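Have a look at the structure below before the remarks.
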Amino acid sequence: MVIPGSRALQHRVADVKLTVRAADGSPLSRREVVVQQKSHAFRFGCTGFEAVELAGDGLDADARAVSERILELWLELFNTATLPFYWARFEPERGRPDTRRLLAAARWFTDRGCAVKGHPLCWHTLAPEWLLSLTTREVEEALRARITREVTDAAGLINTWDAVNEAVIMPVFDREENGITRLCRVLGRVEMVRLAFETARQANPDATLLLNDFDMSADFEHLVEACLEGGIRIDALGLQSHMHQGYWGVEKTLDVLDRFSRFGLPLHFTESTLISGRLMPPEIVDLNDYQVAQWPSTPEGEARQAEEVVTHYATLVAHPAVAAVTWWGLPDGGWLNAPSGLVRADGTPKPAFDALRRLVKGDWWLAPTRLMTDADGRLEFSGFLGTYECSWSDGSARIRLDTPGPQDLEARPAE
């Protein structure tokens with residue numbers, strides 16, 4: 001059995017020769033086996049901020065019902081949640097971090113088999129105001145302590161972090177005074193990255209740490225080069241793709257992929273958005289400058305968004321360097337009041353949600369499939385990398401496809 005349309009995605013697919021055995025090791029010949037996919041190895045992600053809200057007491061009954069509905073839809077499509085550790089909101093009063101709610105939200109996702117990423121550990125925007133009264137040396141000490149605390153407290157629940165967010169602009173950021181920019185001006189970008197990565201690595205040696213940025217220019221390439229040449233271990237590059245002014249298109253997307261894949265690091269598209277209403281004017285430089293009270297989704301915009309979502313994900317998943325794609329906000333209005341969600345604010349899915357689900361849980365997913373073993377207890381199938389359940393009349397087993405291409409595997413029930 002071969003997955004339709006998967007030829008361009010062979011780096012995501014394993015061709016399995018599976019021997020099905022009884023508990024005693026004997027092959028089960030001429031036996032019907034149902035093979036079905038249970039999870040993707042590829043990280044299909046989305047923010048999970050609604051779980052943080054539900055972990056607190058601030059929602060009324062109607063808002064709670066909408067958040068619960070959004071999380072139900074979330075689980076239909078995604079397997080990786082990004083949770084907000086924005087320092088100013090996480091610890092507005094020094095020494096009183098919002099650890100309980102964030103870890104409760106992380107546990108909600110991990111209990112359902114999802115991975116969790118924390119965002120971010122070091123960022124100049126949303127730095128707490130109380131940093132302003134500290135000396136630069138004290139800011140550095142506070143940042144190190146903050147990173148150590150968050151990574152240590154969350155170890156085992158959150159093992160992936162955007163260690164540094166938007167370092168290219170960090171030392172020249174002039175929209176508001178903040179302690180992190182002041183520290184970065186003293187240390188420089190590379191040493192700021194080193195501080196965050198090495199502090200986080202010491203707190204959790206097994207963590208996956210990303211250098212994340214919206215700047216897709218050569219400036220970010222030069223920073224990555226300088227960090228790697230300086231001996232900083234970067235586990236993955238985070239590339240933001242907020243397309244509020246229109247879809248990048250395949251050509252631009254492939255250009256970004258080619259330029260950043262040359263570093264040999266996994267690429268995570270950490271913040272993807274496409275608009276289902278009118279587009280932001282092209283002359284806007286900083287997306288935060290476009291503040292409107294009403295930014296509605298429209299039927300025409302929703303149809304456009306659905307087409308663009310399919311093209312965007314198909315382009316990224318087809319590239320072997322891409323390991324994760326995160327949609328930035330499942331419902332509308334979560335960031336800049338934009339109609340960039342896959343779900344409307346009332347919790348009803350848009351066409352883009354259905355289109356993406358058809359890819360992730362349709363074209364790129366093996367539904368329950370009945371196969372027959374041969375005289376030696378063997379059967380063959382192709383499937384996207386991930387976990388699978390194999391069941392037969394008197395037993396079942398789980399297998400994991402970790403490597404693309406031919407694989408010889410065995411399935412036998414656990415003793």
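Starting from 1 in every chain, residues are counted up; chains themselves are A, B, ... following the order of the structure tokens, and ligands are numbered from 1 as listed.
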
Within 7 Å of range 159-178 of chain A, which residues of range 86-151 of chain A show up? Give each one with its shortest atom-to-atom distance in Å (one decimal) and the two atoms involved, counting only C-alpha atoms, rows by chain then rising residue number, as a tab-separated table.
```
residue	atom	partner	partner_atom	distance
A:Val116	CA	A:Thr160	CA	6.8
A:Lys117	CA	A:Thr160	CA	4.7
A:Gly118	CA	A:Trp161	CA	4.7
A:His119	CA	A:Asp162	CA	5.2
A:Pro120	CA	A:Asp162	CA	4.8
A:Leu121	CA	A:Ala163	CA	5.0
A:Cys122	CA	A:Val164	CA	4.8
A:Trp123	CA	A:Asn165	CA	5.2
A:His124	CA	A:Met170	CA	6.2
A:Ala127	CA	A:Asn178	CA	6.4
A:Leu132	CA	A:Asn178	CA	6.3
```

Shell around range 220-234 of chain A at 8 Å using only C-alpha atoms, local window under 3 positions removed, as a list in words
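Once the adjacent positions are removed, what remains is Val168, Arg189, Val190, Val193, Arg194, Phe197, Glu198, Leu209, Leu210, Leu211, Asp213, Asp215, Met216, Ser217, Leu237, Arg259, Phe260 and Leu265 of chain A.
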
Can you write just those residues out, N, CA and C atoms, as a PDB file, in the first residue's frame?
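As a result, out.pdb now contains:
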```
ATOM      1  N   VAL A 168      18.215  40.220  16.222  1.00  0.00           N
ATOM      2  CA  VAL A 168      18.746  41.145  15.218  1.00  0.00           C
ATOM      3  C   VAL A 168      18.414  42.587  15.588  1.00  0.00           C
ATOM      4  N   ARG A 189      25.090  41.254  20.256  1.00  0.00           N
ATOM      5  CA  ARG A 189      24.121  40.210  19.920  1.00  0.00           C
ATOM      6  C   ARG A 189      24.642  38.815  20.213  1.00  0.00           C
ATOM      7  N   VAL A 190      25.846  38.505  19.762  1.00  0.00           N
ATOM      8  CA  VAL A 190      26.366  37.141  19.892  1.00  0.00           C
ATOM      9  C   VAL A 190      26.491  36.750  21.355  1.00  0.00           C
ATOM     10  N   VAL A 193      23.123  36.077  22.874  1.00  0.00           N
ATOM     11  CA  VAL A 193      22.663  34.740  22.503  1.00  0.00           C
ATOM     12  C   VAL A 193      23.388  33.688  23.336  1.00  0.00           C
ATOM     13  N   ARG A 194      24.687  33.851  23.496  1.00  0.00           N
ATOM     14  CA  ARG A 194      25.456  32.889  24.288  1.00  0.00           C
ATOM     15  C   ARG A 194      24.921  32.817  25.721  1.00  0.00           C
ATOM     16  N   PHE A 197      21.522  30.893  25.701  1.00  0.00           N
ATOM     17  CA  PHE A 197      21.636  29.486  25.337  1.00  0.00           C
ATOM     18  C   PHE A 197      22.409  28.702  26.391  1.00  0.00           C
ATOM     19  N   GLU A 198      23.515  29.224  26.841  1.00  0.00           N
ATOM     20  CA  GLU A 198      24.323  28.472  27.792  1.00  0.00           C
ATOM     21  C   GLU A 198      23.646  28.382  29.151  1.00  0.00           C
ATOM     22  N   LEU A 209      16.865  24.147  21.940  1.00  0.00           N
ATOM     23  CA  LEU A 209      16.886  25.598  22.058  1.00  0.00           C
ATOM     24  C   LEU A 209      16.941  26.243  20.678  1.00  0.00           C
ATOM     25  N   LEU A 210      16.040  27.205  20.451  1.00  0.00           N
ATOM     26  CA  LEU A 210      15.916  27.871  19.154  1.00  0.00           C
ATOM     27  C   LEU A 210      16.385  29.314  19.240  1.00  0.00           C
ATOM     28  N   LEU A 211      16.973  29.766  18.132  1.00  0.00           N
ATOM     29  CA  LEU A 211      17.207  31.183  17.885  1.00  0.00           C
ATOM     30  C   LEU A 211      16.121  31.620  16.919  1.00  0.00           C
ATOM     31  N   ASP A 213      13.544  34.509  14.956  1.00  0.00           N
ATOM     32  CA  ASP A 213      13.532  35.888  14.487  1.00  0.00           C
ATOM     33  C   ASP A 213      12.505  36.083  13.384  1.00  0.00           C
ATOM     34  N   ASP A 215      13.251  38.596  11.200  1.00  0.00           N
ATOM     35  CA  ASP A 215      14.101  39.206  10.183  1.00  0.00           C
ATOM     36  C   ASP A 215      14.670  38.114   9.280  1.00  0.00           C
ATOM     37  N   MET A 216      14.127  38.020   8.078  1.00  0.00           N
ATOM     38  CA  MET A 216      14.579  36.995   7.145  1.00  0.00           C
ATOM     39  C   MET A 216      15.658  37.522   6.192  1.00  0.00           C
ATOM     40  N   SER A 217      16.256  38.650   6.531  1.00  0.00           N
ATOM     41  CA  SER A 217      17.277  39.253   5.678  1.00  0.00           C
ATOM     42  C   SER A 217      18.638  38.621   5.951  1.00  0.00           C
ATOM     43  N   LEU A 237      16.688  26.664  14.087  1.00  0.00           N
ATOM     44  CA  LEU A 237      16.419  28.065  13.771  1.00  0.00           C
ATOM     45  C   LEU A 237      14.913  28.279  13.690  1.00  0.00           C
ATOM     46  N   ARG A 259      18.198  29.673   1.891  1.00  0.00           N
ATOM     47  CA  ARG A 259      19.219  30.480   2.562  1.00  0.00           C
ATOM     48  C   ARG A 259      19.490  30.009   3.982  1.00  0.00           C
ATOM     49  N   PHE A 260      18.450  29.580   4.691  1.00  0.00           N
ATOM     50  CA  PHE A 260      18.664  29.203   6.089  1.00  0.00           C
ATOM     51  C   PHE A 260      18.936  27.712   6.269  1.00  0.00           C
ATOM     52  N   LEU A 265      20.900  23.134  10.145  1.00  0.00           N
ATOM     53  CA  LEU A 265      20.087  23.054  11.350  1.00  0.00           C
ATOM     54  C   LEU A 265      18.621  22.836  10.984  1.00  0.00           C
TER      55      LEU A 265
END
```

Where in range 199-401 of chain A does DSSP assign helix (DSSP H, G or I), given as an NGL selection string?
:A and (199-203 or 218-229 or 250-261 or 287-289 or 299-317 or 351-363)

Save out the residues we just selected, C-alpha atoms, as a compact mmCIF listing (two decimals), in the first residue's frame.
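Result file selection.txt:
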```txt
# COMPACT_ATOMS: atom_id res chain seq x y z
CA THR A 199 22.19 29.36 30.81
CA ALA A 200 19.25 27.36 29.47
CA ARG A 201 21.50 24.46 28.48
CA GLN A 202 22.93 24.27 31.98
CA ALA A 203 19.43 24.21 33.47
CA ALA A 218 21.00 38.66 5.45
CA ASP A 219 21.31 40.29 8.88
CA PHE A 220 19.85 37.19 10.52
CA GLU A 221 22.05 34.94 8.40
CA HIS A 222 25.11 36.88 9.54
CA LEU A 223 24.04 36.56 13.18
CA VAL A 224 23.58 32.80 12.83
CA GLU A 225 27.01 32.53 11.24
CA ALA A 226 28.63 34.58 13.99
CA CYS A 227 26.97 32.53 16.73
CA LEU A 228 28.01 29.22 15.19
CA GLU A 229 31.55 30.45 14.58
CA VAL A 250 6.22 29.77 -3.11
CA GLU A 251 9.24 31.53 -4.65
CA LYS A 252 9.97 33.69 -1.61
CA THR A 253 9.33 30.80 0.76
CA LEU A 254 11.76 28.57 -1.10
CA ASP A 255 14.35 31.36 -1.11
CA VAL A 256 14.09 31.64 2.69
CA LEU A 257 14.32 27.87 3.04
CA ASP A 258 17.37 27.64 0.81
CA ARG A 259 19.22 30.48 2.56
CA PHE A 260 18.66 29.20 6.09
CA SER A 261 18.92 25.47 5.42
CA LEU A 287 3.10 45.15 11.96
CA ASN A 288 2.37 46.49 15.44
CA ASP A 289 1.75 49.93 13.90
CA PRO A 299 -16.05 35.02 2.82
CA GLU A 300 -13.70 36.00 0.01
CA GLY A 301 -10.80 36.30 2.44
CA GLU A 302 -11.55 32.95 3.99
CA ALA A 303 -11.51 31.23 0.60
CA ARG A 304 -8.16 32.89 -0.19
CA GLN A 305 -6.74 31.94 3.20
CA ALA A 306 -7.70 28.28 2.73
CA GLU A 307 -5.88 28.08 -0.60
CA GLU A 308 -2.81 29.83 0.77
CA VAL A 309 -2.67 27.67 3.90
CA VAL A 310 -2.57 24.51 1.78
CA THR A 311 0.18 25.90 -0.45
CA HIS A 312 2.19 27.21 2.51
CA TYR A 313 2.13 23.92 4.43
CA ALA A 314 2.71 21.80 1.34
CA THR A 315 5.77 23.89 0.48
CA LEU A 316 7.21 23.64 3.98
CA VAL A 317 6.53 19.94 4.57
CA PRO A 351 -12.38 26.77 5.45
CA ALA A 352 -8.64 27.00 6.18
CA PHE A 353 -9.04 24.77 9.23
CA ASP A 354 -10.86 22.12 7.22
CA ALA A 355 -8.34 22.38 4.37
CA LEU A 356 -5.37 21.96 6.70
CA ARG A 357 -7.04 19.07 8.50
CA ARG A 358 -7.55 17.33 5.16
CA LEU A 359 -3.79 17.53 4.66
CA VAL A 360 -2.57 16.63 8.15
CA LYS A 361 -5.19 14.00 8.97
CA GLY A 362 -6.06 13.04 5.41
CA ASP A 363 -3.45 13.20 2.66
```

Within 12 Å of Ala23 in chain A, counting only C-alpha atoms, which residues show up once you throw out same-chain ones fewer than 4 positions away? Write them as a count of residues only, please.
12

From the options A:Arg100, A:Arg262, A:Arg94, A:Arg344, which residue's atoms come nearest to Ser133 in chain A, counting only C-alpha atoms?
A:Arg94

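Counting only C-alpha atoms, the residue from A:Trp365, A:Pro406, A:Tyr290, A:Ile158 that sits nearest to Thr387 in chain A is A:Trp365.
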
Counting only C-alpha atoms, what is within 12 Å of Asp98 in chain A, bar same-chain residues fewer than 3 positions away, as number ranges by chain?
A: 52-53, 55-56, 84-95, 101-105, 149-150, 153

Using only C-alpha atoms, tabulate the residues of range 344-395 of chain A lying at most 8 Å from any atom of range 7-14 of chain A, each with its closest atom pair and that distance in Å to one decimal, by chain and increasing residue number, as a Markdown table.
```
| residue | atom | partner | partner_atom | distance |
| --- | --- | --- | --- | --- |
| A:Ser382 | CA | A:Ala14 | CA | 5.6 |
| A:Gly383 | CA | A:Val13 | CA | 5.4 |
| A:Phe384 | CA | A:Val13 | CA | 4.3 |
| A:Leu385 | CA | A:Val13 | CA | 5.6 |
```
